[in-house]
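Asks: Take this structure, written in structure tokens, and hold onto it; I'll ask about it next.
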Amino acid sequence: MRLFYLTIFFAWSLQLQAQEQIGKTKAEVREFLKQETSKKEKDVTRKIMDHDSSITLQLNNKAAASTVNFVFTFNDKGICLQEKIHAEKAEWIGPYLEKALAKENFGFKKINEHQYISLFDKKVFLELPPEGIVNSFNMFRVDWSRDMYDILSKSENGVKE
């Protein structure tokens with residue numbers, strides 16, 4: 001039965017297009033989250049916490065005893081530069097990570113065991129925890145130059161395809 005509740009929880013929460021919020025204004029992200037949290041589902045509660053430089057969406061599934069947090073961080077101009085998705089347990093982060101990496105418009109390329117880079121023009125870096133259990137990941141905007149991008153994408157430590 002717990003698997004059923006987890007499946008329902010992930011089915012709803014996978015609708016969140018978290019990685020598509022980078023570059024948007026705080027007002028746009030807030031509106032997106034309000035629309036997402038207006039959906040009602042049994043056993044799932046949603047809470048938006050608005051702070052000076054961040055917005056957090058917390059999803060709680062009472063039946064599965066699970067919590068996932070989506071944290072959107074903004075610069076001083078109110079533009080989303082970073083998104084972090086954090087789950088209490090490693091098995092709950094997998095579907096979010098897989099969906100983020102599968103986004104064709106970002107074209108993520110693995111450069112080492114814990115880091116991915118998007119296509120040059122998307123300027124997004126995805127980072128997993130360096131050690132231990134993977135129960136979160138960060139995505140953030142990087143203003144890299146073409147030279148820096150080329151170094152990263154051809155890194156000797158990078159994963160060869």
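Identifiers in this document derive from the order of the structure tokens: chains are assigned A, B, ..., residues are numbered from 1 separately in each chain, and ligands are numbered from 1 in order of occurrence.
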If we count only C-alpha atoms, what is near range 132-134 of chain A at a cut-off of 12 Å, once residues fewer than 5 positions away on the same chain are taken out, given as JSON, numbers by chain?
Replies: {"A": [85, 86, 87, 88, 89, 90, 91, 92, 93, 94, 96, 97, 113, 114, 127]}
Asks: Please determine, counting only C-alpha atoms, which residue among A:Phe137, A:Trp144, A:Phe70, A:Phe32 has the shortest atom-to-atom distance to Leu119 in chain A.
Replies: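 Closest to Leu119 in chain A of all the choices is A:Trp144.
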Asks: Could you jot down the CA of Lys103 in chain A to CA of Ile117 in chain A separation for me, Å, one decimal place?
Replies: 12.2 Å
Asks: May I have the residues within 10 Å of Phe120 in chain A as a list in words, using only C-alpha atoms and disregarding those fewer than 5 positions away in the same chain?
Replies: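 So, after excluding close chain neighbours, the residues are Phe106, Gly107, Phe108, Val142, Asp143, Trp144, Ser145, Arg146, Tyr149, Asp150 and Ser153 of chain A.
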Asks: Could you check how far CA of Gln58 in chain A sits from CA of Val71 in chain A, in Å to one decimal?
Replies: 8.6 Å
Asks: Enumerate as a VMD selection string all residues of chain A assigned to strand (DSSP E) by DSSP on the backbone, naming them with the chain letters and numbers the document uses.
Replies: chain A and resid 44 to 50 54 to 61 66 to 74 80 to 87 109 to 112 115 to 117 124 to 127 136 to 141
Asks: Considering only C-alpha atoms, can you say which of A:Leu33, A:Val44, A:Ile111, A:Leu81 comes closest to Leu152 in chain A?
Replies: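 Answer, going by the shortest atom-to-atom distance: A:Ile111.
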Asks: Could you check the closest approach to Ser54 in chain A for each of A:Lys40, A:Lys26, A:Lys77, A:Lys34 and tell me which residue wins, using only C-alpha atoms?
Replies: A:Lys26
